[in-house]
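Asks: Input structure: entry-v4.txt, which contains compact mmCIF, C-alpha atoms.
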# COMPACT_ATOMS: atom_id res chain seq x y z
CA MET A 1 -12.09 79.61 31.97
CA SER A 2 -11.32 80.73 35.53
CA HIS A 3 -13.03 83.68 37.19
CA THR A 4 -10.15 85.90 36.05
CA GLY A 5 -10.60 85.02 32.38
CA VAL A 6 -7.44 82.89 32.20
CA ALA A 7 -7.70 79.41 30.73
CA PRO A 8 -6.85 76.89 33.46
CA ARG A 9 -3.46 75.25 33.13
CA SER A 10 -3.69 71.67 31.91
CA ARG A 11 -1.71 68.94 33.60
CA ALA A 12 1.33 67.74 31.67
CA SER A 13 1.63 64.08 30.68
CA ARG A 14 2.94 61.60 33.22
CA LYS A 15 6.00 61.03 31.06
CA GLU A 16 6.85 64.74 31.01
CA ILE A 17 6.35 65.08 34.79
CA LEU A 18 8.58 62.03 35.28
CA GLY A 19 11.18 63.59 32.96
CA TRP A 20 11.10 66.80 35.02
CA ALA A 21 11.38 64.86 38.29
CA MET A 22 14.28 62.77 36.98
CA PHE A 23 16.49 65.86 37.17
CA ASP A 24 15.86 65.89 40.93
CA PHE A 25 16.67 62.15 40.95
CA ALA A 26 19.93 62.78 39.08
CA ASN A 27 21.25 65.88 40.82
CA GLN A 28 20.85 64.43 44.31
CA ALA A 29 24.04 62.49 43.57
CA TYR A 30 25.85 65.83 43.66
CA THR A 31 24.22 67.44 46.67
CA LEU A 32 24.42 64.30 48.81
CA LEU A 33 27.76 62.78 47.81
CA ILE A 34 29.67 66.04 47.38
CA ILE A 35 28.04 68.55 49.74
CA THR A 36 26.39 66.51 52.50
CA VAL A 37 27.72 63.00 52.99
CA VAL A 38 31.17 62.28 51.58
CA PHE A 39 33.23 65.11 50.10
CA GLY A 40 32.37 67.66 52.81
CA GLU A 41 33.74 65.29 55.45
CA LEU A 42 36.71 64.39 53.21
CA PHE A 43 37.58 68.07 52.59
CA THR A 44 37.40 69.12 56.25
CA THR A 45 38.99 66.08 57.90
CA VAL A 46 41.50 64.87 55.25
CA ILE A 47 42.22 67.46 52.54
CA VAL A 48 42.52 70.38 54.99
CA GLY A 49 42.60 68.36 58.21
CA ASP A 50 42.84 69.22 61.89
CA ARG A 51 45.60 71.80 62.26
CA GLY A 52 45.47 71.83 66.06
CA ASP A 53 42.29 73.92 65.99
CA ASP A 54 39.62 71.18 66.21
CA TYR A 55 38.94 71.52 62.44
CA ARG A 56 37.81 75.15 62.77
CA LEU A 57 39.92 76.39 59.82
CA ALA A 58 38.74 73.47 57.67
CA ASN A 59 35.09 74.16 58.52
CA LEU A 60 35.57 77.87 57.78
CA LEU A 61 37.13 77.19 54.35
CA TRP A 62 34.27 74.80 53.52
CA SER A 63 31.78 77.51 54.53
CA LEU A 64 33.51 80.14 52.40
CA ALA A 65 33.64 77.93 49.27
CA LEU A 66 29.91 77.24 49.46
CA ALA A 67 29.08 80.85 50.33
CA LEU A 68 31.08 82.14 47.35
CA SER A 69 29.26 79.76 44.98
CA TYR A 70 25.88 80.91 46.31
CA LEU A 71 26.93 84.56 45.95
CA MET A 72 27.68 83.89 42.28
CA VAL A 73 24.14 82.52 41.88
CA VAL A 74 22.71 85.61 43.58
CA VAL A 75 24.45 87.83 41.00
CA SER A 76 23.64 85.80 37.88
CA GLY A 77 20.42 83.89 38.67
CA PRO A 78 17.76 86.58 38.04
CA LEU A 79 19.53 87.76 34.86
CA CYS A 80 19.58 84.22 33.48
CA GLY A 81 15.90 83.82 34.43
CA ALA A 82 14.99 86.97 32.50
CA VAL A 83 16.90 85.81 29.39
CA MET A 84 15.27 82.35 29.59
CA ASP A 85 11.78 83.84 29.70
CA TYR A 86 12.50 86.29 26.85
CA SER A 87 14.15 83.74 24.55
CA ALA A 88 12.18 80.62 25.65
CA SER A 89 15.50 78.87 26.34
CA LYS A 90 15.07 77.29 29.78
CA LYS A 91 16.08 73.89 28.44
CA ARG A 92 19.30 75.22 26.87
CA PHE A 93 20.34 76.95 30.09
CA LEU A 94 19.52 73.79 32.04
CA PHE A 95 21.70 71.71 29.69
CA VAL A 96 24.71 74.05 30.04
CA SER A 97 24.47 73.95 33.87
CA TYR A 98 24.20 70.15 33.70
CA LEU A 99 27.38 69.79 31.62
CA ALA A 100 29.29 72.27 33.81
CA THR A 101 28.29 70.42 37.00
CA ILE A 102 29.40 67.08 35.54
CA ALA A 103 32.80 68.39 34.37
CA THR A 104 33.76 70.18 37.59
CA THR A 105 32.49 67.34 39.79
CA ALA A 106 34.50 64.73 37.88
CA MET A 107 37.64 66.86 38.40
CA LEU A 108 37.33 66.51 42.20
CA TYR A 109 39.25 63.25 41.71
CA PHE A 110 42.45 65.37 41.49
CA VAL A 111 41.94 67.01 44.92
CA ALA A 112 44.48 65.17 47.10
CA PRO A 113 45.31 65.86 50.79
CA GLY A 114 46.92 69.30 51.01
CA TYR A 115 45.45 70.49 47.66
CA VAL A 116 43.28 72.96 49.53
CA LEU A 117 43.13 75.71 46.87
CA LEU A 118 42.18 73.28 44.08
CA GLY A 119 39.48 71.76 46.28
CA PHE A 120 38.19 75.19 47.22
CA MET A 121 37.97 76.28 43.54
CA LEU A 122 36.29 73.10 42.29
CA ILE A 123 33.72 73.05 45.08
CA THR A 124 32.89 76.70 44.37
CA LEU A 125 32.49 76.11 40.61
CA SER A 126 30.65 72.78 40.81
CA ASN A 127 28.24 74.00 43.47
CA TYR A 128 27.57 77.15 41.42
CA ALA A 129 26.70 75.10 38.32
CA TYR A 130 24.57 72.67 40.35
CA SER A 131 22.72 75.52 42.11
CA MET A 132 21.96 77.31 38.83
CA GLY A 133 20.52 74.07 37.46
CA GLU A 134 18.37 73.74 40.56
CA SER A 135 16.75 77.12 39.80
CA PHE A 136 16.43 76.35 36.07
CA ILE A 137 14.59 73.04 36.62
CA ALA A 138 12.28 74.67 39.19
CA ALA A 139 11.23 77.26 36.59
CA PHE A 140 9.48 74.50 34.60
CA LEU A 141 7.15 73.67 37.53
CA PRO A 142 4.29 76.16 36.83
CA ASP A 143 3.96 74.70 33.28
CA LEU A 144 3.37 71.17 34.54
CA GLY A 145 -0.12 71.49 35.99
CA PRO A 146 -2.88 73.60 37.54
CA PRO A 147 -2.26 75.28 40.93
CA GLN A 148 -4.06 72.54 42.87
CA ASP A 149 -1.58 69.95 41.53
CA LEU A 150 1.71 71.81 42.05
CA GLY A 151 2.16 70.55 45.62
CA LYS A 152 1.86 66.91 44.53
CA ILE A 153 4.12 67.44 41.51
CA SER A 154 6.78 69.31 43.52
CA GLY A 155 6.60 66.69 46.30
CA PHE A 156 6.97 63.89 43.74
CA GLY A 157 10.13 65.56 42.38
CA TRP A 158 11.71 65.96 45.83
CA ALA A 159 10.75 62.40 46.83
CA LEU A 160 12.21 60.94 43.62
CA GLY A 161 15.31 63.03 44.30
CA TYR A 162 15.85 61.43 47.69
CA ILE A 163 15.36 57.98 46.17
CA GLY A 164 18.02 58.88 43.59
CA GLY A 165 20.30 59.97 46.39
CA LEU A 166 19.69 56.68 48.17
CA PHE A 167 20.85 54.73 45.09
CA ALA A 168 23.86 56.95 44.43
CA ALA A 169 25.18 57.23 47.95
CA GLY A 170 24.21 53.66 48.89
CA PHE A 171 26.50 52.38 46.15
CA THR A 172 29.23 54.86 47.14
CA LEU A 173 29.20 53.91 50.81
CA VAL A 174 29.36 50.19 50.00
CA ALA A 175 31.83 50.32 47.09
CA LEU A 176 34.07 53.26 48.00
CA GLY A 177 34.06 53.09 51.81
CA GLU A 178 34.67 55.81 54.39
CA ALA A 179 36.07 59.32 54.01
CA THR A 180 39.45 58.75 55.69
CA ALA A 181 43.09 59.34 54.77
CA GLU A 182 43.73 55.57 54.81
CA ASN A 183 40.95 54.98 52.28
CA PHE A 184 41.71 58.04 50.13
CA GLU A 185 42.68 56.20 46.92
CA ARG A 186 39.21 54.60 46.79
CA ILE A 187 37.08 57.45 48.14
CA ARG A 188 38.62 60.01 45.73
CA TRP A 189 36.47 58.36 43.01
CA VAL A 190 33.37 59.89 44.62
CA GLY A 191 33.62 62.91 42.26
CA PRO A 192 33.74 60.95 38.99
CA PHE A 193 30.99 58.60 40.25
CA ALA A 194 28.64 61.48 41.19
CA ALA A 195 29.34 63.08 37.79
CA GLY A 196 28.63 59.85 35.92
CA PHE A 197 25.42 59.20 37.86
CA PHE A 198 24.17 62.72 37.08
CA LEU A 199 25.20 62.40 33.41
CA ILE A 200 23.26 59.18 32.79
CA THR A 201 20.15 59.55 34.96
CA ALA A 202 19.27 63.11 33.79
CA ILE A 203 18.97 62.01 30.15
CA PRO A 204 15.14 61.47 30.41
CA THR A 205 14.79 65.15 31.44
CA PHE A 206 16.20 66.37 28.14
CA LEU A 207 14.23 63.79 26.13
CA TRP A 208 10.78 64.29 27.70
CA LEU A 209 10.60 67.79 29.19
CA LYS A 210 9.07 70.37 26.81
CA GLU A 211 10.13 73.95 26.25
CA ARG A 212 6.93 76.00 26.32
CA GLY A 213 6.59 79.64 25.37
CA SER A 214 7.62 81.47 22.21
CA PRO A 215 10.95 83.28 21.85
CA GLN A 216 10.72 87.02 21.32
CA THR A 217 12.77 88.74 18.62
CA LEU A 218 15.70 90.73 19.95
CA PRO A 219 15.20 94.43 19.00
CA ALA A 220 17.88 96.11 16.87
CA GLY A 221 20.71 97.51 18.97
CA MET A 222 19.67 95.52 22.08
CA SER A 223 21.63 92.76 23.79
CA TYR A 224 20.27 89.94 25.93
CA TYR A 225 22.13 91.47 28.86
CA ARG A 226 20.30 94.81 28.47
CA ILE A 227 16.97 93.02 27.99
CA ALA A 228 17.65 90.90 31.10
CA ARG A 229 18.62 93.94 33.16
CA GLN A 230 15.47 95.80 32.08
CA ARG A 231 13.26 92.80 32.85
CA VAL A 232 14.85 92.25 36.26
CA THR A 233 14.36 95.95 37.07
CA GLN A 234 10.74 95.69 35.93
CA THR A 235 10.22 92.52 37.97
CA LEU A 236 11.60 94.22 41.08
CA GLU A 237 9.01 96.96 40.53
CA ASP A 238 6.32 94.32 39.85
CA LEU A 239 7.16 92.64 43.16
CA ARG A 240 5.31 95.52 44.81
CA ARG A 241 2.20 94.11 43.14
CA PHE A 242 3.21 90.56 44.09
CA ARG A 243 3.44 91.52 47.76
CA ASP A 244 2.81 88.04 49.15
CA LEU A 245 5.54 86.56 46.98
CA GLY A 246 7.95 89.27 48.17
CA VAL A 247 7.16 88.64 51.85
CA PHE A 248 7.43 84.88 51.35
CA LEU A 249 10.87 85.25 49.72
CA VAL A 250 12.08 87.12 52.82
CA SER A 251 10.76 84.28 55.00
CA LEU A 252 12.46 81.81 52.68
CA LEU A 253 15.75 83.67 53.08
CA PHE A 254 15.79 82.82 56.80
CA SER A 255 14.40 79.26 56.57
CA MET A 256 16.78 78.21 53.79
CA ALA A 257 19.72 79.71 55.67
CA GLY A 258 18.98 77.10 58.34
CA VAL A 259 18.45 74.32 55.78
CA TYR A 260 21.73 75.06 53.98
CA ILE A 261 23.62 74.92 57.27
CA ILE A 262 22.18 71.46 57.96
CA ILE A 263 22.89 70.22 54.42
CA ALA A 264 26.49 71.45 54.59
CA PHE A 265 27.30 70.46 58.18
CA ALA A 266 25.04 67.59 59.35
CA PHE A 267 27.52 64.81 58.53
CA ILE A 268 30.50 66.94 59.56
CA TYR A 269 28.64 67.42 62.89
CA GLY A 270 28.20 63.65 63.15
CA ALA A 271 31.94 63.08 62.63
CA GLN A 272 33.26 65.90 64.83
CA VAL A 273 30.66 66.29 67.64
CA ILE A 274 28.86 62.94 67.83
CA GLY A 275 31.94 60.89 66.87
CA TRP A 276 29.97 58.23 65.04
CA ASP A 277 31.24 54.97 63.57
CA GLU A 278 31.15 54.36 59.81
CA SER A 279 28.26 51.88 60.20
CA ILE A 280 26.13 54.43 62.10
CA ARG A 281 26.99 57.09 59.51
CA ASN A 282 25.76 54.78 56.74
CA ILE A 283 22.54 53.96 58.61
CA MET A 284 21.95 57.67 59.24
CA PHE A 285 22.29 58.38 55.56
CA ILE A 286 19.68 55.73 54.67
CA ILE A 287 17.29 56.96 57.40
CA VAL A 288 17.51 60.60 56.26
CA GLN A 289 16.92 59.69 52.61
CA ILE A 290 13.86 57.54 53.34
CA THR A 291 12.27 59.99 55.80
CA ALA A 292 13.03 62.97 53.50
CA ALA A 293 11.34 61.20 50.57
CA ALA A 294 8.36 60.31 52.79
CA GLY A 295 8.18 63.89 54.07
CA ALA A 296 8.27 65.41 50.57
CA LEU A 297 5.65 63.00 49.21
CA GLY A 298 3.38 63.01 52.28
CA PHE A 299 3.41 66.76 52.88
CA GLY A 300 3.07 67.32 49.11
CA MET A 301 -0.25 65.45 49.18
CA ILE A 302 -1.35 67.25 52.35
CA GLN A 303 -0.43 70.73 51.18
CA ASP A 304 -2.83 70.63 48.21
CA ARG A 305 -5.61 70.19 50.80
CA ILE A 306 -4.61 72.47 53.67
CA GLY A 307 -2.58 75.03 51.68
CA ALA A 308 1.13 75.46 50.94
CA LYS A 309 1.55 78.24 53.52
CA VAL A 310 0.19 76.17 56.43
CA THR A 311 2.30 73.20 55.32
CA TYR A 312 5.43 75.35 55.06
CA ILE A 313 4.96 76.75 58.59
CA GLY A 314 4.29 73.25 59.95
CA THR A 315 7.52 71.93 58.44
CA LEU A 316 9.48 74.80 60.00
CA LEU A 317 8.08 73.92 63.43
CA LEU A 318 9.36 70.38 62.81
CA TRP A 319 12.76 71.88 62.00
CA VAL A 320 12.91 73.83 65.28
CA ALA A 321 12.27 70.60 67.20
CA ALA A 322 14.92 68.78 65.13
CA ILE A 323 17.58 71.45 65.76
CA PHE A 324 17.12 71.39 69.53
CA ALA A 325 17.33 67.58 69.40
CA ILE A 326 20.56 67.72 67.33
CA TRP A 327 22.13 70.20 69.77
CA ALA A 328 21.07 68.25 72.88
CA THR A 329 21.97 64.73 71.68
CA PRO A 330 25.26 64.26 73.66
CA GLU A 331 23.84 65.69 76.92
CA LEU A 332 20.48 63.96 76.51
CA THR A 333 22.22 60.62 76.00
CA ALA A 334 24.24 61.07 79.19
CA TRP A 335 21.10 62.10 81.13
CA LEU A 336 19.07 59.07 79.91
CA ASN A 337 21.92 56.72 80.78
CA ALA A 338 22.17 58.19 84.31
CA GLN A 339 18.41 58.19 84.94
CA TRP A 340 17.53 54.79 83.51
CA GLY A 341 20.78 52.87 83.87
CA LEU A 342 21.13 52.55 80.11
CA ASP A 343 24.28 52.09 78.07
CA TRP A 344 23.37 54.12 74.99
CA GLU A 345 25.86 56.00 72.86
CA ALA A 346 25.15 59.49 71.49
CA GLN A 347 25.42 58.16 67.95
CA HIS A 348 22.48 55.79 68.54
CA LEU A 349 20.18 58.57 69.80
CA PHE A 350 21.36 60.69 66.87
CA LEU A 351 19.70 58.18 64.52
CA VAL A 352 16.31 58.98 66.07
CA VAL A 353 16.99 62.69 65.61
CA GLY A 354 17.85 61.97 61.98
CA CYS A 355 14.26 60.82 61.33
CA LEU A 356 12.90 64.18 62.47
CA ALA A 357 15.47 66.11 60.42
CA GLY A 358 14.75 64.00 57.33
CA LEU A 359 10.99 64.61 57.51
CA SER A 360 11.63 68.34 57.85
CA LEU A 361 14.18 68.46 55.02
CA GLY A 362 12.08 67.02 52.21
CA SER A 363 8.80 68.65 53.17
CA SER A 364 10.02 72.23 53.76
CA GLN A 365 11.85 72.50 50.42
CA SER A 366 8.94 70.98 48.50
CA ALA A 367 6.40 73.33 50.12
CA SER A 368 8.49 76.43 49.41
CA ARG A 369 8.95 75.53 45.73
CA ALA A 370 5.21 74.88 45.28
CA LEU A 371 4.28 78.20 46.94
CA VAL A 372 6.49 80.16 44.52
CA GLY A 373 4.84 78.24 41.66
CA LEU A 374 1.39 79.30 42.92
CA PHE A 375 2.46 82.95 43.06
CA SER A 376 4.09 82.96 39.56
CA PRO A 377 2.36 83.99 36.30
CA LEU A 378 3.47 81.64 33.52
CA GLU A 379 5.23 84.40 31.52
CA LYS A 380 7.36 85.28 34.54
CA SER A 381 7.97 81.79 35.92
CA ALA A 382 11.69 81.63 35.07
CA GLU A 383 12.26 85.16 36.42
CA PHE A 384 10.34 84.48 39.63
CA PHE A 385 12.14 81.17 40.12
CA GLY A 386 15.34 83.12 39.46
CA PHE A 387 14.41 85.21 42.49
CA TRP A 388 13.50 82.00 44.36
CA GLY A 389 17.01 80.77 43.54
CA LEU A 390 18.39 84.15 44.58
CA ALA A 391 16.64 83.99 47.96
CA ASN A 392 17.82 80.38 48.39
CA LYS A 393 21.44 81.13 47.63
CA LEU A 394 21.52 84.44 49.48
CA ALA A 395 20.30 82.32 52.39
CA GLY A 396 23.19 79.95 51.76
CA VAL A 397 25.70 82.83 51.82
CA PHE A 398 24.19 84.33 54.97
CA GLY A 399 23.64 81.08 56.89
CA ILE A 400 26.86 79.28 56.06
CA ILE A 401 29.12 82.30 56.66
CA CYS A 402 27.37 82.99 59.99
CA LEU A 403 27.76 79.34 61.02
CA GLY A 404 31.38 79.21 59.81
CA LEU A 405 32.34 82.30 61.82
CA LEU A 406 30.28 81.29 64.87
CA GLN A 407 31.73 77.76 65.04
CA SER A 408 35.26 79.19 64.81
CA VAL A 409 34.52 81.02 68.10
CA VAL A 410 32.19 78.75 70.12
CA GLY A 411 32.57 75.39 68.35
CA LEU A 412 30.20 73.45 66.10
CA GLN A 413 27.77 72.08 68.71
CA ALA A 414 26.75 75.42 70.24
CA SER A 415 26.61 77.24 66.90
CA ILE A 416 24.05 74.77 65.48
CA LEU A 417 21.40 76.54 67.63
CA LEU A 418 21.62 79.41 65.14
CA CYS A 419 19.41 77.30 62.85
CA ALA A 420 16.53 77.20 65.35
CA GLY A 421 16.57 81.00 65.57
CA LEU A 422 16.53 81.29 61.76
CA PHE A 423 13.51 78.97 61.47
CA ILE A 424 11.57 80.88 64.13
CA VAL A 425 12.18 84.21 62.33
CA ALA A 426 11.02 82.59 59.06
CA ILE A 427 7.76 81.45 60.69
CA LEU A 428 7.01 84.91 62.09
CA ILE A 429 7.57 86.57 58.70
CA CYS A 430 5.47 83.98 56.83
CA LEU A 431 2.44 84.73 59.06
CA ALA A 432 2.00 87.91 56.97
CA VAL A 433 1.64 85.93 53.70
CA ASN A 434 -1.90 85.54 52.30
CA GLN A 435 -1.84 82.55 49.95
CA ALA A 436 -5.27 83.18 48.35
CA ARG A 437 -4.42 86.81 47.63
CA GLY A 438 -1.02 85.85 46.18
CA GLN A 439 -2.61 83.32 43.80
CA ARG A 440 -5.29 85.84 42.80
CA VAL A 441 -2.68 88.51 41.92
CA ALA A 442 -0.78 85.98 39.74
CA GLU A 443 -4.00 85.04 37.90
CA GLN A 444 -4.95 88.70 37.39
CA TRP A 445 -1.48 89.53 36.02
CA GLN A 446 -1.76 86.54 33.66
CA ALA A 447 -5.19 87.75 32.46
CA SER A 448 -3.94 91.27 31.77
CA ALA A 449 -0.88 89.95 29.93
CA ALA A 450 -3.12 87.72 27.81
What is this structure when it is put down as structure tokens?
Replies:
Amino acid sequence: MSHTGVAPRSRASRKEILGWAMFDFANQAYTLLIITVVFGELFTTVIVGDRGDDYRLANLLWSLALALSYLMVVVSGPLCGAVMDYSASKKRFLFVSYLATIATTAMLYFVAPGYVLLGFMLITLSNYAYSMGESFIAAFLPDLGPPQDLGKISGFGWALGYIGGLFAAGFTLVALGEATAENFERIRWVGPFAAGFFLITAIPTFLWLKERGSPQTLPAGMSYYRIARQRVTQTLEDLRRFRDLGVFLVSLLFSMAGVYIIIAFAFIYGAQVIGWDESIRNIMFIIVQITAAAGALGFGMIQDRIGAKVTYIGTLLLWVAAIFAIWATPELTAWLNAQWGLDWEAQHLFLVVGCLAGLSLGSSQSASRALVGLFSPLEKSAEFFGFWGLANKLAGVFGIICLGLLQSVVGLQASILLCAGLFIVAILICLAVNQARGQRVAEQWQASAA
């Protein structure tokens, strides 16, 4: 027994942890192929195209589709989390999101050049289903081990995810080629391939991951919607007790706004601002995947020793450095060439910057997920991860709309500096979080509930 009277959480079996992490492995095919690497570039440069405005309309439409999907998560995520906790149905909700993601992603095959509305609708729906699944799988994390292991387990999931992305997108880049109008008949298969990869590789999750908790009987005259609304209202009141979690979620709102901008626009930035070749784009993809996996795994091991809060702040400082490097790449390349008589291209220096961004990407997301797990009582894990998903997606709405509007005025290169400002604000807010106190409150709530 712990000092609060709560039996310590036992660590799940290796097979179950692997089953949980395989969902990260599987869903990276969606986030990388559809949002980051291939379809985002295809949508902006081919399906919408440059209409004499340097792609500003295309970038704005891409921003709005993603922002709308995240807004849908904001509205429905906490309610779904409350129902999952009450009915012990996390696995069922996860399965529905999985099937919806697969179906809408496969249908992206039908989005041809000029089919802007269809593309807009399918990206909104598929990204909504994917994002809900991301919150649902995260809600299983507190059940998988004691607090001192959550950093390693979360880091393992993120690292395996980036390895999955490496397999999925590596095959795509080799077999399907570049996102151009000339290659459209081959590259349009990226949607069905991402759907098929997700379908097959997530099977171990549903075979090995256990549904813990006991469903509660629905009272006469009550609906799940009313129960969910009551529980969400109660949780919002409880958040006053979970002060450190509340402050951290505000910090997360700003940091993830920056992360979502990078995920949605990094490869679009490479195509439009850096002007990279297909070979450099492919190398960048591999570099980011490997460094992101290393960052998630390495910082996951470190954070269980130095604390999730310290790790999280450290990863945000890495992000600030990465953003300034991304913004300065064209000018820095020209300056180095003039000073040292070199013949470098901006796209080559951008590969070095990619290493820094990759390390930041994997580690910051892993640390934030582990910190929410530490602050969550088991009986409220799905609800609290519903609010984690809410903060994440609200960040997506805020960050991507701000970037979309800003780039339509000042262009993509200058507007990327918005991310550095968002990360700095997140660091300043997180300084008020007390990790030990947050864990203690979660344990005390668990003891009183028991």
Asks: Please return as an MDAnalysis selection string every residue within 9 Å of (17.6, 64.4, 46.9), taking into account only C-alpha atoms and the file's own coordinates.
Replies: chainID A and resid 24:32 157:166 289 292:293 362
Asks: List the neighbours of Ser223 in chain A out to 12 Å using all atoms listed in the file; skip same-chain residues closer than 5 positions along the sequence, and give me the result as a VMD selection string.
Replies: chain A and resid 83 86 to 87 217 to 218 228 to 230
Asks: My list of candidates is A:Trp445, A:Tyr225, A:Trp189, A:Trp388. Which is closest to Ser251 in chain A when distances are computed with only C-alpha atoms?
Replies: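 The closest residue to Ser251 in chain A is A:Trp388.
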Asks: Could you check how far CA of Gly438 in chain A sits from CA of Gly155 in chain A, in Å to one decimal?
Replies: 20.6 Å
Asks: Between A:Ile47, A:Ala82, A:Leu406, A:Ala103, which one has atoms that come closest to Arg226 in chain A, using only C-alpha atoms?
Replies: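 Distance minimum relative to Arg226 in chain A lands on A:Ala82.
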Asks: Find the residues near range 266-276 of chain A: any atom within 6 Å, counting only C-alpha atoms, skip ones fewer than 5 places away on the same chain, and give them as number ranges by chain.
Replies: A: 37, 41, 347
Asks: Which distance in Å separates CA of Leu60 in chain A and CA of Leu418 in chain A, to one decimal?
Replies: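 Rounded to one decimal, the two atoms are 15.8 Å apart.
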Asks: For CA of Gly133 in chain A and CA of Leu318 in chain A, determine how far apart the two atoms are, in Å to one decimal place.
Replies: 27.9 Å
Asks: N, CA and C atoms are what I want for range 53-70 of chain A; can you complete it accordingly and write them as a compact mmCIF listing (two decimals), in the frame of the given file?
Replies:
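Heads up, here's the output in part.txt:
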# COMPACT_ATOMS: atom_id res chain seq x y z
N ASP A 53 43.35 72.95 65.68
CA ASP A 53 42.29 73.92 65.99
C ASP A 53 40.92 73.27 66.03
N ASP A 54 40.88 71.92 66.18
CA ASP A 54 39.62 71.18 66.21
C ASP A 54 38.83 71.39 64.92
N TYR A 55 39.52 71.40 63.79
CA TYR A 55 38.94 71.52 62.44
C TYR A 55 38.29 72.87 62.15
N ARG A 56 38.54 73.89 62.97
CA ARG A 56 37.81 75.15 62.77
C ARG A 56 38.21 75.86 61.47
N LEU A 57 39.50 75.81 61.09
CA LEU A 57 39.92 76.39 59.82
C LEU A 57 39.29 75.62 58.65
N ALA A 58 39.31 74.30 58.74
CA ALA A 58 38.74 73.47 57.67
C ALA A 58 37.26 73.76 57.48
N ASN A 59 36.53 73.86 58.59
CA ASN A 59 35.09 74.16 58.52
C ASN A 59 34.85 75.56 57.94
N LEU A 60 35.71 76.51 58.29
CA LEU A 60 35.57 77.87 57.78
C LEU A 60 35.82 77.92 56.27
N LEU A 61 36.84 77.22 55.79
CA LEU A 61 37.13 77.19 54.35
C LEU A 61 35.98 76.53 53.58
N TRP A 62 35.43 75.46 54.14
CA TRP A 62 34.27 74.80 53.52
C TRP A 62 33.10 75.78 53.44
N SER A 63 32.86 76.52 54.51
CA SER A 63 31.78 77.51 54.53
C SER A 63 32.00 78.58 53.46
N LEU A 64 33.22 79.06 53.35
CA LEU A 64 33.51 80.14 52.40
C LEU A 64 33.37 79.68 50.96
N ALA A 65 33.79 78.45 50.65
CA ALA A 65 33.64 77.93 49.27
C ALA A 65 32.18 77.87 48.88
N LEU A 66 31.34 77.33 49.77
CA LEU A 66 29.91 77.24 49.46
C LEU A 66 29.29 78.63 49.39
N ALA A 67 29.65 79.50 50.31
CA ALA A 67 29.08 80.85 50.33
C ALA A 67 29.43 81.61 49.05
N LEU A 68 30.66 81.46 48.57
CA LEU A 68 31.08 82.14 47.35
C LEU A 68 30.27 81.63 46.15
N SER A 69 30.04 80.32 46.10
CA SER A 69 29.26 79.76 44.98
C SER A 69 27.83 80.29 45.01
N TYR A 70 27.25 80.40 46.20
CA TYR A 70 25.88 80.91 46.31
C TYR A 70 25.83 82.40 45.96
